[in-house]
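For reference, the structure is listed below as structure tokens.
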Amino acid sequence: MTLPSAAFRHTNAAPYEPLRTFHPRRSQLGPGREDALARLWPRWGFSVHDAEQGPMPQTADGLLDVPRLFGREAPLVLEIGSGMGETTAAMAAADPARDYLAVEAHLPGIAHLLGLVEAQGLENVRVAHGDALDLVRHRLPESSLDAVHVFFPDPWPKARHHKRRIIQPAHVALLRSRLVVGGTLHCATDWVEYADAMLEVLDADPGLENPSGGFAPRPAHRPVTKFERRGLDLGHEVRDLVVRRCQ
Ligand SMILES: C[S@@+](CC[C@H](N)C(=O)[O-])C[C@H]1O[C@@H](n2cnc3c(N)ncnc32)[C@H](O)[C@@H]1O
């Protein structure tokens with residue numbers, strides 16, 4: 001029998017970003033997640049790269065048709081690298097007036113989030129499989145996002161891998177251009193050296209301002225995820241950074 005996840009294999013392997021910000025990981029989904037994928041993906045999912053594997057609703061210009069995707073017009077929050085989706089589901093449930101688009105390259109996380117969306121009856125969450133930077137660059141227009149969330153991105157600790165980090169000047173400029181003026185970019189990491197590098201990159205972007213002047217107090221609305229728990233158990237300190245587009 002062909003499992004629902006089998007159709008995604010070539011998408012996982014395709015080198016859309018020559019310098020990927022994520023580690024390609026292969027993992028079995030297990031029957032529960034295969035079932036979630038088979039039933040729920042057609043309702044709430046789309047593929048960033050492969051129209052046959054969940055077509056993206058598009059405008060005449062080939063951009064993501066956000067009102068059609070959600071069935072309404074509301075401020076949009078983009079979460080890059082939603083992992084297992086616990087944060088997405090919790091924040092979306094607490095914030096029904098905004099829509100949440102979670103983009104993740106790791107299929108088991110997508111399947112898990114779909115299960116959470118169903119179990120919690122969330123109407124304001126959609127999930128995209130693939131490279132979030134590709135989606136942002138090619139499918140989202142300027143000033144289309146109310147917020148961007150980047151929680152516990154892969155730290156790429158080795159110096160020769162820093163170029164793979166998602167928070168770096170060119171990516172930040174891209175994300176900032178897609179925020180509305182006043183919209184926020186919220187990052188969190190348990191990797192102190194990456195946190196310092198993030199602060200430097202965000203401070204250096206002339207279109208962003210940092211209301212807290214440095215690291216932000218941990219917001220109560222951001223739940224602890226598996227990755228964060230692992231970092232805390234290792235004795236890592238967690239830093240939040242919340243900056244705003246100012247021009
Ligand atoms: C360390 S995990 C953290 C997951 C989650 N945010 C959390 O806090 O538990 C980073 C995740 O980002 C995803 N990721 C990294 N770069 C990405 C990209 N360009 N597009 C989509 N997902 C990405 C990875 O697949 C991985 O699941």
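Note on naming: chains are A, B, ... as they come in the structure tokens, residues start from 1 per chain, ligands start from 1 in the order shown.
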Would you list, as a PDB file with C-alpha atoms, in the first residue's frame, the residues of range 43-177 of chain A that end up in strand (DSSP E) under DSSP run on this structure's backbone?
ATOM      1  CA  GLY A  45      -2.306  22.224   3.594  1.00  0.00           C
ATOM      2  CA  PHE A  46      -0.471  23.264   0.492  1.00  0.00           C
ATOM      3  CA  SER A  47       2.988  22.694  -0.912  1.00  0.00           C
ATOM      4  CA  LEU A  76      -1.658  37.294   8.794  1.00  0.00           C
ATOM      5  CA  VAL A  77       1.020  35.781  11.046  1.00  0.00           C
ATOM      6  CA  LEU A  78       3.713  33.701   9.352  1.00  0.00           C
ATOM      7  CA  GLU A  79       5.546  31.124  11.437  1.00  0.00           C
ATOM      8  CA  ILE A  80       8.784  29.867   9.915  1.00  0.00           C
ATOM      9  CA  ASP A  99      -4.740  34.039  10.695  1.00  0.00           C
ATOM     10  CA  TYR A 100      -1.663  31.813  11.166  1.00  0.00           C
ATOM     11  CA  LEU A 101       0.313  30.299   8.309  1.00  0.00           C
ATOM     12  CA  ALA A 102       2.872  27.746   9.539  1.00  0.00           C
ATOM     13  CA  VAL A 103       5.607  26.753   7.101  1.00  0.00           C
ATOM     14  CA  GLU A 104       7.703  23.692   7.870  1.00  0.00           C
ATOM     15  CA  VAL A 125      -4.448  27.922  10.859  1.00  0.00           C
ATOM     16  CA  ARG A 126      -3.107  26.729   7.500  1.00  0.00           C
ATOM     17  CA  VAL A 127       0.084  24.767   6.925  1.00  0.00           C
ATOM     18  CA  ALA A 128       2.587  24.856   4.087  1.00  0.00           C
ATOM     19  CA  HIS A 129       5.202  22.219   3.401  1.00  0.00           C
ATOM     20  CA  LEU A 145       2.282  40.170   7.067  1.00  0.00           C
ATOM     21  CA  ASP A 146       1.254  41.390  10.485  1.00  0.00           C
ATOM     22  CA  ALA A 147       3.939  39.318  12.200  1.00  0.00           C
ATOM     23  CA  VAL A 148       6.682  36.801  11.510  1.00  0.00           C
ATOM     24  CA  HIS A 149       7.572  34.202  14.146  1.00  0.00           C
ATOM     25  CA  VAL A 150      10.886  32.354  14.090  1.00  0.00           C
ATOM     26  CA  PHE A 151      11.118  30.207  17.220  1.00  0.00           C
TER      27      PHE A 151
END
Any chance you could list, as a PDB file with N, CA and C atoms, in the first residue's frame, the residues in range 2-200 of chain A that come up helix (DSSP H, G or I) when DSSP is run on the backbone?
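Below is the file that was written, part_39.pdb:
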ATOM      1  N   PRO A   4       0.320   7.968   2.366  1.00  0.00           N
ATOM      2  CA  PRO A   4       0.143   9.362   1.934  1.00  0.00           C
ATOM      3  C   PRO A   4       1.459  10.136   1.899  1.00  0.00           C
ATOM      4  N   SER A   5       2.363   9.861   2.836  1.00  0.00           N
ATOM      5  CA  SER A   5       3.620  10.619   2.895  1.00  0.00           C
ATOM      6  C   SER A   5       4.537  10.322   1.717  1.00  0.00           C
ATOM      7  N   ALA A   6       4.328   9.178   1.035  1.00  0.00           N
ATOM      8  CA  ALA A   6       5.228   8.794  -0.059  1.00  0.00           C
ATOM      9  C   ALA A   6       5.246   9.872  -1.145  1.00  0.00           C
ATOM     10  N   ALA A   7       4.116  10.518  -1.343  1.00  0.00           N
ATOM     11  CA  ALA A   7       4.023  11.528  -2.397  1.00  0.00           C
ATOM     12  C   ALA A   7       4.913  12.737  -2.126  1.00  0.00           C
ATOM     13  N   PHE A   8       5.351  12.910  -0.879  1.00  0.00           N
ATOM     14  CA  PHE A   8       6.147  14.089  -0.528  1.00  0.00           C
ATOM     15  C   PHE A   8       7.642  13.858  -0.656  1.00  0.00           C
ATOM     16  N   ARG A   9       8.030  12.600  -0.892  1.00  0.00           N
ATOM     17  CA  ARG A   9       9.455  12.266  -0.820  1.00  0.00           C
ATOM     18  C   ARG A   9      10.311  13.135  -1.741  1.00  0.00           C
ATOM     19  N   HIS A  10       9.873  13.280  -2.998  1.00  0.00           N
ATOM     20  CA  HIS A  10      10.716  14.027  -3.933  1.00  0.00           C
ATOM     21  C   HIS A  10      10.761  15.507  -3.554  1.00  0.00           C
ATOM     22  N   THR A  11       9.682  15.997  -2.937  1.00  0.00           N
ATOM     23  CA  THR A  11       9.668  17.397  -2.502  1.00  0.00           C
ATOM     24  C   THR A  11      10.692  17.595  -1.388  1.00  0.00           C
ATOM     25  N   ASN A  12      10.756  16.605  -0.468  1.00  0.00           N
ATOM     26  CA  ASN A  12      11.727  16.697   0.634  1.00  0.00           C
ATOM     27  C   ASN A  12      13.142  16.783   0.094  1.00  0.00           C
ATOM     28  N   ALA A  13      13.401  16.028  -0.958  1.00  0.00           N
ATOM     29  CA  ALA A  13      14.770  15.881  -1.418  1.00  0.00           C
ATOM     30  C   ALA A  13      15.216  17.013  -2.349  1.00  0.00           C
ATOM     31  N   GLY A  30       4.432   7.116  10.986  1.00  0.00           N
ATOM     32  CA  GLY A  30       3.586   6.313  11.883  1.00  0.00           C
ATOM     33  C   GLY A  30       2.147   6.415  11.422  1.00  0.00           C
ATOM     34  N   PRO A  31       1.317   5.422  11.775  1.00  0.00           N
ATOM     35  CA  PRO A  31      -0.049   5.358  11.227  1.00  0.00           C
ATOM     36  C   PRO A  31      -0.903   6.579  11.566  1.00  0.00           C
ATOM     37  N   GLY A  32      -0.774   7.101  12.800  1.00  0.00           N
ATOM     38  CA  GLY A  32      -1.610   8.239  13.207  1.00  0.00           C
ATOM     39  C   GLY A  32      -1.337   9.461  12.349  1.00  0.00           C
ATOM     40  N   ARG A  33      -0.060   9.734  12.108  1.00  0.00           N
ATOM     41  CA  ARG A  33       0.288  10.926  11.317  1.00  0.00           C
ATOM     42  C   ARG A  33       0.030  10.700   9.840  1.00  0.00           C
ATOM     43  N   GLU A  34       0.197   9.476   9.361  1.00  0.00           N
ATOM     44  CA  GLU A  34      -0.159   9.182   7.962  1.00  0.00           C
ATOM     45  C   GLU A  34      -1.658   9.450   7.764  1.00  0.00           C
ATOM     46  N   ASP A  35      -2.439   9.047   8.761  1.00  0.00           N
ATOM     47  CA  ASP A  35      -3.887   9.237   8.677  1.00  0.00           C
ATOM     48  C   ASP A  35      -4.231  10.731   8.690  1.00  0.00           C
ATOM     49  N   ALA A  36      -3.549  11.477   9.599  1.00  0.00           N
ATOM     50  CA  ALA A  36      -3.803  12.928   9.672  1.00  0.00           C
ATOM     51  C   ALA A  36      -3.462  13.577   8.330  1.00  0.00           C
ATOM     52  N   LEU A  37      -2.346  13.142   7.748  1.00  0.00           N
ATOM     53  CA  LEU A  37      -1.920  13.715   6.472  1.00  0.00           C
ATOM     54  C   LEU A  37      -2.950  13.409   5.370  1.00  0.00           C
ATOM     55  N   ALA A  38      -3.401  12.159   5.329  1.00  0.00           N
ATOM     56  CA  ALA A  38      -4.345  11.753   4.276  1.00  0.00           C
ATOM     57  C   ALA A  38      -5.658  12.524   4.386  1.00  0.00           C
ATOM     58  N   ARG A  39      -6.151  12.708   5.608  1.00  0.00           N
ATOM     59  CA  ARG A  39      -7.477  13.315   5.771  1.00  0.00           C
ATOM     60  C   ARG A  39      -7.438  14.838   5.773  1.00  0.00           C
ATOM     61  N   LEU A  40      -6.382  15.414   6.412  1.00  0.00           N
ATOM     62  CA  LEU A  40      -6.447  16.845   6.728  1.00  0.00           C
ATOM     63  C   LEU A  40      -5.637  17.731   5.791  1.00  0.00           C
ATOM     64  N   TRP A  41      -4.586  17.131   5.184  1.00  0.00           N
ATOM     65  CA  TRP A  41      -3.762  17.921   4.257  1.00  0.00           C
ATOM     66  C   TRP A  41      -4.602  18.555   3.150  1.00  0.00           C
ATOM     67  N   PRO A  42      -5.515  17.801   2.515  1.00  0.00           N
ATOM     68  CA  PRO A  42      -6.283  18.433   1.429  1.00  0.00           C
ATOM     69  C   PRO A  42      -7.118  19.624   1.906  1.00  0.00           C
ATOM     70  N   ARG A  43      -7.463  19.661   3.199  1.00  0.00           N
ATOM     71  CA  ARG A  43      -8.292  20.775   3.694  1.00  0.00           C
ATOM     72  C   ARG A  43      -7.460  21.985   4.064  1.00  0.00           C
ATOM     73  N   TRP A  44      -6.323  21.747   4.722  1.00  0.00           N
ATOM     74  CA  TRP A  44      -5.607  22.875   5.326  1.00  0.00           C
ATOM     75  C   TRP A  44      -4.172  23.036   4.860  1.00  0.00           C
ATOM     76  N   ALA A  51       2.832  21.992  -7.093  1.00  0.00           N
ATOM     77  CA  ALA A  51       1.397  22.224  -7.240  1.00  0.00           C
ATOM     78  C   ALA A  51       0.597  20.922  -7.230  1.00  0.00           C
ATOM     79  N   GLU A  52       1.229  19.830  -7.671  1.00  0.00           N
ATOM     80  CA  GLU A  52       0.488  18.562  -7.686  1.00  0.00           C
ATOM     81  C   GLU A  52       0.267  18.040  -6.280  1.00  0.00           C
ATOM     82  N   GLN A  53       1.124  18.477  -5.377  1.00  0.00           N
ATOM     83  CA  GLN A  53       1.070  17.970  -4.022  1.00  0.00           C
ATOM     84  C   GLN A  53       0.396  18.993  -3.112  1.00  0.00           C
ATOM     85  N   VAL A  66      -4.239  34.887  -0.085  1.00  0.00           N
ATOM     86  CA  VAL A  66      -4.433  34.662   1.350  1.00  0.00           C
ATOM     87  C   VAL A  66      -5.924  34.649   1.726  1.00  0.00           C
ATOM     88  N   PRO A  67      -6.747  35.595   1.235  1.00  0.00           N
ATOM     89  CA  PRO A  67      -8.165  35.538   1.599  1.00  0.00           C
ATOM     90  C   PRO A  67      -8.828  34.228   1.152  1.00  0.00           C
ATOM     91  N   ARG A  68      -8.413  33.703  -0.013  1.00  0.00           N
ATOM     92  CA  ARG A  68      -9.005  32.435  -0.461  1.00  0.00           C
ATOM     93  C   ARG A  68      -8.514  31.277   0.413  1.00  0.00           C
ATOM     94  N   LEU A  69      -7.257  31.349   0.816  1.00  0.00           N
ATOM     95  CA  LEU A  69      -6.696  30.289   1.648  1.00  0.00           C
ATOM     96  C   LEU A  69      -7.454  30.170   2.974  1.00  0.00           C
ATOM     97  N   PHE A  70      -7.766  31.326   3.587  1.00  0.00           N
ATOM     98  CA  PHE A  70      -8.403  31.304   4.906  1.00  0.00           C
ATOM     99  C   PHE A  70      -9.915  31.517   4.846  1.00  0.00           C
ATOM    100  N   GLU A  86       3.196  22.936  18.178  1.00  0.00           N
ATOM    101  CA  GLU A  86       2.533  23.233  19.467  1.00  0.00           C
ATOM    102  C   GLU A  86       2.348  24.737  19.650  1.00  0.00           C
ATOM    103  N   THR A  87       3.387  25.501  19.298  1.00  0.00           N
ATOM    104  CA  THR A  87       3.308  26.957  19.475  1.00  0.00           C
ATOM    105  C   THR A  87       2.267  27.551  18.537  1.00  0.00           C
ATOM    106  N   THR A  88       2.285  27.097  17.302  1.00  0.00           N
ATOM    107  CA  THR A  88       1.319  27.610  16.320  1.00  0.00           C
ATOM    108  C   THR A  88      -0.101  27.415  16.834  1.00  0.00           C
ATOM    109  N   ALA A  89      -0.388  26.187  17.250  1.00  0.00           N
ATOM    110  CA  ALA A  89      -1.758  25.879  17.671  1.00  0.00           C
ATOM    111  C   ALA A  89      -2.144  26.711  18.886  1.00  0.00           C
ATOM    112  N   ALA A  90      -1.235  26.802  19.863  1.00  0.00           N
ATOM    113  CA  ALA A  90      -1.573  27.534  21.093  1.00  0.00           C
ATOM    114  C   ALA A  90      -1.753  29.027  20.815  1.00  0.00           C
ATOM    115  N   MET A  91      -0.856  29.600  20.013  1.00  0.00           N
ATOM    116  CA  MET A  91      -0.954  31.041  19.765  1.00  0.00           C
ATOM    117  C   MET A  91      -2.158  31.361  18.889  1.00  0.00           C
ATOM    118  N   ALA A  92      -2.444  30.495  17.926  1.00  0.00           N
ATOM    119  CA  ALA A  92      -3.604  30.733  17.049  1.00  0.00           C
ATOM    120  C   ALA A  92      -4.905  30.612  17.835  1.00  0.00           C
ATOM    121  N   ALA A  93      -4.945  29.643  18.759  1.00  0.00           N
ATOM    122  CA  ALA A  93      -6.168  29.455  19.561  1.00  0.00           C
ATOM    123  C   ALA A  93      -6.435  30.688  20.422  1.00  0.00           C
ATOM    124  N   LEU A 107       8.032  16.897   7.330  1.00  0.00           N
ATOM    125  CA  LEU A 107       6.665  16.406   7.153  1.00  0.00           C
ATOM    126  C   LEU A 107       5.999  15.896   8.443  1.00  0.00           C
ATOM    127  N   PRO A 108       6.705  15.163   9.312  1.00  0.00           N
ATOM    128  CA  PRO A 108       6.033  14.715  10.538  1.00  0.00           C
ATOM    129  C   PRO A 108       5.483  15.886  11.367  1.00  0.00           C
ATOM    130  N   GLY A 109       6.203  17.004  11.379  1.00  0.00           N
ATOM    131  CA  GLY A 109       5.718  18.176  12.111  1.00  0.00           C
ATOM    132  C   GLY A 109       4.437  18.713  11.487  1.00  0.00           C
ATOM    133  N   ILE A 110       4.395  18.732  10.172  1.00  0.00           N
ATOM    134  CA  ILE A 110       3.188  19.184   9.459  1.00  0.00           C
ATOM    135  C   ILE A 110       1.999  18.300   9.841  1.00  0.00           C
ATOM    136  N   ALA A 111       2.222  16.979   9.812  1.00  0.00           N
ATOM    137  CA  ALA A 111       1.134  16.041  10.118  1.00  0.00           C
ATOM    138  C   ALA A 111       0.666  16.227  11.563  1.00  0.00           C
ATOM    139  N   HIS A 112       1.632  16.459  12.458  1.00  0.00           N
ATOM    140  CA  HIS A 112       1.265  16.656  13.866  1.00  0.00           C
ATOM    141  C   HIS A 112       0.433  17.913  14.043  1.00  0.00           C
ATOM    142  N   LEU A 113       0.843  18.992  13.395  1.00  0.00           N
ATOM    143  CA  LEU A 113       0.085  20.247  13.499  1.00  0.00           C
ATOM    144  C   LEU A 113      -1.325  20.077  12.931  1.00  0.00           C
ATOM    145  N   LEU A 114      -1.440  19.370  11.807  1.00  0.00           N
ATOM    146  CA  LEU A 114      -2.780  19.149  11.242  1.00  0.00           C
ATOM    147  C   LEU A 114      -3.681  18.461  12.271  1.00  0.00           C
ATOM    148  N   GLY A 115      -3.111  17.498  12.996  1.00  0.00           N
ATOM    149  CA  GLY A 115      -3.874  16.805  14.042  1.00  0.00           C
ATOM    150  C   GLY A 115      -4.303  17.761  15.148  1.00  0.00           C
ATOM    151  N   LEU A 116      -3.409  18.685  15.524  1.00  0.00           N
ATOM    152  CA  LEU A 116      -3.758  19.661  16.570  1.00  0.00           C
ATOM    153  C   LEU A 116      -4.865  20.600  16.095  1.00  0.00           C
ATOM    154  N   VAL A 117      -4.774  20.994  14.835  1.00  0.00           N
ATOM    155  CA  VAL A 117      -5.775  21.917  14.286  1.00  0.00           C
ATOM    156  C   VAL A 117      -7.159  21.262  14.327  1.00  0.00           C
ATOM    157  N   GLU A 118      -7.177  19.978  13.955  1.00  0.00           N
ATOM    158  CA  GLU A 118      -8.465  19.256  13.983  1.00  0.00           C
ATOM    159  C   GLU A 118      -8.959  19.080  15.421  1.00  0.00           C
ATOM    160  N   ALA A 119      -8.061  18.618  16.280  1.00  0.00           N
ATOM    161  CA  ALA A 119      -8.469  18.316  17.664  1.00  0.00           C
ATOM    162  C   ALA A 119      -8.974  19.569  18.373  1.00  0.00           C
ATOM    163  N   GLN A 120      -8.370  20.715  18.066  1.00  0.00           N
ATOM    164  CA  GLN A 120      -8.750  21.947  18.772  1.00  0.00           C
ATOM    165  C   GLN A 120      -9.773  22.763  17.989  1.00  0.00           C
ATOM    166  N   ALA A 132      10.227  28.013   3.701  1.00  0.00           N
ATOM    167  CA  ALA A 132       9.508  29.258   3.989  1.00  0.00           C
ATOM    168  C   ALA A 132      10.121  30.450   3.256  1.00  0.00           C
ATOM    169  N   LEU A 133      11.435  30.455   3.103  1.00  0.00           N
ATOM    170  CA  LEU A 133      12.072  31.605   2.442  1.00  0.00           C
ATOM    171  C   LEU A 133      11.647  31.680   0.982  1.00  0.00           C
ATOM    172  N   ASP A 134      11.489  30.514   0.373  1.00  0.00           N
ATOM    173  CA  ASP A 134      11.038  30.459  -1.009  1.00  0.00           C
ATOM    174  C   ASP A 134       9.623  31.044  -1.121  1.00  0.00           C
ATOM    175  N   LEU A 135       8.767  30.648  -0.186  1.00  0.00           N
ATOM    176  CA  LEU A 135       7.391  31.155  -0.175  1.00  0.00           C
ATOM    177  C   LEU A 135       7.385  32.675  -0.008  1.00  0.00           C
ATOM    178  N   VAL A 136       8.163  33.153   0.955  1.00  0.00           N
ATOM    179  CA  VAL A 136       8.172  34.586   1.246  1.00  0.00           C
ATOM    180  C   VAL A 136       8.687  35.363   0.035  1.00  0.00           C
ATOM    181  N   ARG A 137       9.767  34.861  -0.540  1.00  0.00           N
ATOM    182  CA  ARG A 137      10.422  35.573  -1.649  1.00  0.00           C
ATOM    183  C   ARG A 137       9.520  35.650  -2.885  1.00  0.00           C
ATOM    184  N   HIS A 138       8.868  34.542  -3.213  1.00  0.00           N
ATOM    185  CA  HIS A 138       8.171  34.466  -4.499  1.00  0.00           C
ATOM    186  C   HIS A 138       6.655  34.581  -4.428  1.00  0.00           C
ATOM    187  N   ARG A 139       6.076  34.348  -3.251  1.00  0.00           N
ATOM    188  CA  ARG A 139       4.608  34.233  -3.190  1.00  0.00           C
ATOM    189  C   ARG A 139       3.927  35.249  -2.288  1.00  0.00           C
ATOM    190  N   ALA A 159      31.097  27.826  12.657  1.00  0.00           N
ATOM    191  CA  ALA A 159      31.292  29.087  11.927  1.00  0.00           C
ATOM    192  C   ALA A 159      31.074  28.898  10.424  1.00  0.00           C
ATOM    193  N   ARG A 160      31.518  27.781   9.883  1.00  0.00           N
ATOM    194  CA  ARG A 160      31.377  27.596   8.437  1.00  0.00           C
ATOM    195  C   ARG A 160      29.912  27.375   8.020  1.00  0.00           C
ATOM    196  N   HIS A 161      29.033  27.147   9.019  1.00  0.00           N
ATOM    197  CA  HIS A 161      27.609  26.955   8.725  1.00  0.00           C
ATOM    198  C   HIS A 161      26.763  28.200   9.009  1.00  0.00           C
ATOM    199  N   HIS A 162      27.399  29.258   9.512  1.00  0.00           N
ATOM    200  CA  HIS A 162      26.603  30.445   9.865  1.00  0.00           C
ATOM    201  C   HIS A 162      25.821  30.976   8.672  1.00  0.00           C
ATOM    202  N   LYS A 163      26.345  30.743   7.479  1.00  0.00           N
ATOM    203  CA  LYS A 163      25.639  31.229   6.284  1.00  0.00           C
ATOM    204  C   LYS A 163      24.296  30.526   6.079  1.00  0.00           C
ATOM    205  N   ARG A 164      24.072  29.432   6.805  1.00  0.00           N
ATOM    206  CA  ARG A 164      22.785  28.736   6.707  1.00  0.00           C
ATOM    207  C   ARG A 164      21.747  29.278   7.694  1.00  0.00           C
ATOM    208  N   PRO A 169      21.459  39.035   7.557  1.00  0.00           N
ATOM    209  CA  PRO A 169      20.976  40.318   7.017  1.00  0.00           C
ATOM    210  C   PRO A 169      20.039  40.203   5.807  1.00  0.00           C
ATOM    211  N   ALA A 170      20.375  39.389   4.819  1.00  0.00           N
ATOM    212  CA  ALA A 170      19.539  39.346   3.606  1.00  0.00           C
ATOM    213  C   ALA A 170      18.155  38.771   3.911  1.00  0.00           C
ATOM    214  N   HIS A 171      18.100  37.742   4.748  1.00  0.00           N
ATOM    215  CA  HIS A 171      16.799  37.156   5.082  1.00  0.00           C
ATOM    216  C   HIS A 171      15.965  38.131   5.906  1.00  0.00           C
ATOM    217  N   VAL A 172      16.627  38.835   6.819  1.00  0.00           N
ATOM    218  CA  VAL A 172      15.901  39.792   7.655  1.00  0.00           C
ATOM    219  C   VAL A 172      15.325  40.923   6.786  1.00  0.00           C
ATOM    220  N   ALA A 173      16.108  41.402   5.831  1.00  0.00           N
ATOM    221  CA  ALA A 173      15.611  42.456   4.929  1.00  0.00           C
ATOM    222  C   ALA A 173      14.406  41.942   4.139  1.00  0.00           C
ATOM    223  N   LEU A 174      14.469  40.689   3.705  1.00  0.00           N
ATOM    224  CA  LEU A 174      13.342  40.089   2.977  1.00  0.00           C
ATOM    225  C   LEU A 174      12.103  40.026   3.876  1.00  0.00           C
ATOM    226  N   LEU A 175      12.271  39.507   5.078  1.00  0.00           N
ATOM    227  CA  LEU A 175      11.126  39.374   5.995  1.00  0.00           C
ATOM    228  C   LEU A 175      10.558  40.748   6.346  1.00  0.00           C
ATOM    229  N   ARG A 176      11.455  41.701   6.613  1.00  0.00           N
ATOM    230  CA  ARG A 176      10.990  43.056   6.956  1.00  0.00           C
ATOM    231  C   ARG A 176      10.156  43.653   5.833  1.00  0.00           C
ATOM    232  N   SER A 177      10.573  43.417   4.578  1.00  0.00           N
ATOM    233  CA  SER A 177       9.836  43.995   3.445  1.00  0.00           C
ATOM    234  C   SER A 177       8.420  43.434   3.348  1.00  0.00           C
ATOM    235  N   ARG A 178       8.205  42.226   3.870  1.00  0.00           N
ATOM    236  CA  ARG A 178       6.871  41.606   3.799  1.00  0.00           C
ATOM    237  C   ARG A 178       5.988  41.988   4.980  1.00  0.00           C
ATOM    238  N   VAL A 192      22.954  31.111  23.007  1.00  0.00           N
ATOM    239  CA  VAL A 192      23.293  32.485  23.381  1.00  0.00           C
ATOM    240  C   VAL A 192      24.095  33.195  22.292  1.00  0.00           C
ATOM    241  N   GLU A 193      25.016  32.485  21.684  1.00  0.00           N
ATOM    242  CA  GLU A 193      25.845  33.123  20.646  1.00  0.00           C
ATOM    243  C   GLU A 193      24.985  33.517  19.439  1.00  0.00           C
ATOM    244  N   TYR A 194      23.999  32.661  19.102  1.00  0.00           N
ATOM    245  CA  TYR A 194      23.088  32.996  17.997  1.00  0.00           C
ATOM    246  C   TYR A 194      22.202  34.187  18.406  1.00  0.00           C
ATOM    247  N   ALA A 195      21.780  34.196  19.678  1.00  0.00           N
ATOM    248  CA  ALA A 195      20.957  35.314  20.162  1.00  0.00           C
ATOM    249  C   ALA A 195      21.715  36.640  19.996  1.00  0.00           C
ATOM    250  N   ASP A 196      22.986  36.643  20.361  1.00  0.00           N
ATOM    251  CA  ASP A 196      23.782  37.868  20.215  1.00  0.00           C
ATOM    252  C   ASP A 196      23.907  38.250  18.742  1.00  0.00           C
ATOM    253  N   ALA A 197      24.118  37.241  17.889  1.00  0.00           N
ATOM    254  CA  ALA A 197      24.236  37.511  16.449  1.00  0.00           C
ATOM    255  C   ALA A 197      22.908  38.033  15.900  1.00  0.00           C
ATOM    256  N   MET A 198      21.794  37.464  16.386  1.00  0.00           N
ATOM    257  CA  MET A 198      20.465  37.940  15.951  1.00  0.00           C
ATOM    258  C   MET A 198      20.277  39.408  16.309  1.00  0.00           C
ATOM    259  N   LEU A 199      20.644  39.728  17.565  1.00  0.00           N
ATOM    260  CA  LEU A 199      20.457  41.109  18.028  1.00  0.00           C
ATOM    261  C   LEU A 199      21.250  42.071  17.145  1.00  0.00           C
ATOM    262  N   GLU A 200      22.466  41.671  16.810  1.00  0.00           N
ATOM    263  CA  GLU A 200      23.323  42.518  15.972  1.00  0.00           C
ATOM    264  C   GLU A 200      22.693  42.709  14.580  1.00  0.00           C
TER     265      GLU A 200
END
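Where the distance criterion is 7 Å and the atoms used are only C-alpha atoms and all ligand atoms, the residues close to ligand 1 are Arg20, Thr21, Phe22, His23, Ile80, Gly81, Ser82, Gly83, Met84, Gly85, Val103, Glu104, Ala105, His106, Gly130, Asp131, Ala132, Leu133, Val150, Phe151, Phe152, Pro153, Asp154, Ile166, Thr225, Lys226, Phe227 and Glu228 of chain A.
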field: Contacts of Gly214 in chain A at 9 Å (only C-alpha atoms; same-chain gap of 6+ positions) as a PyMOL selection string
entry: chain A and resi 199+203+241-242
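Distance-wise, CA of Gln247 in chain A and CA of Asp205 in chain A end up 10.7 Å apart.
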field: Test item: residues at most 8 Å from range 94-97 of chain A, only C-alpha atoms, excluding those fewer than 5 positions along its chain, as a ChimeraX atom specification
entry: /A:74-75,124
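Atom pair CA of Pro206 in chain A / CA of Arg245 in chain A: separated by 9.1 Å.
Coordinates place CA of Val181 in chain A at a distance of 7.7 Å from CA of Arg244 in chain A.
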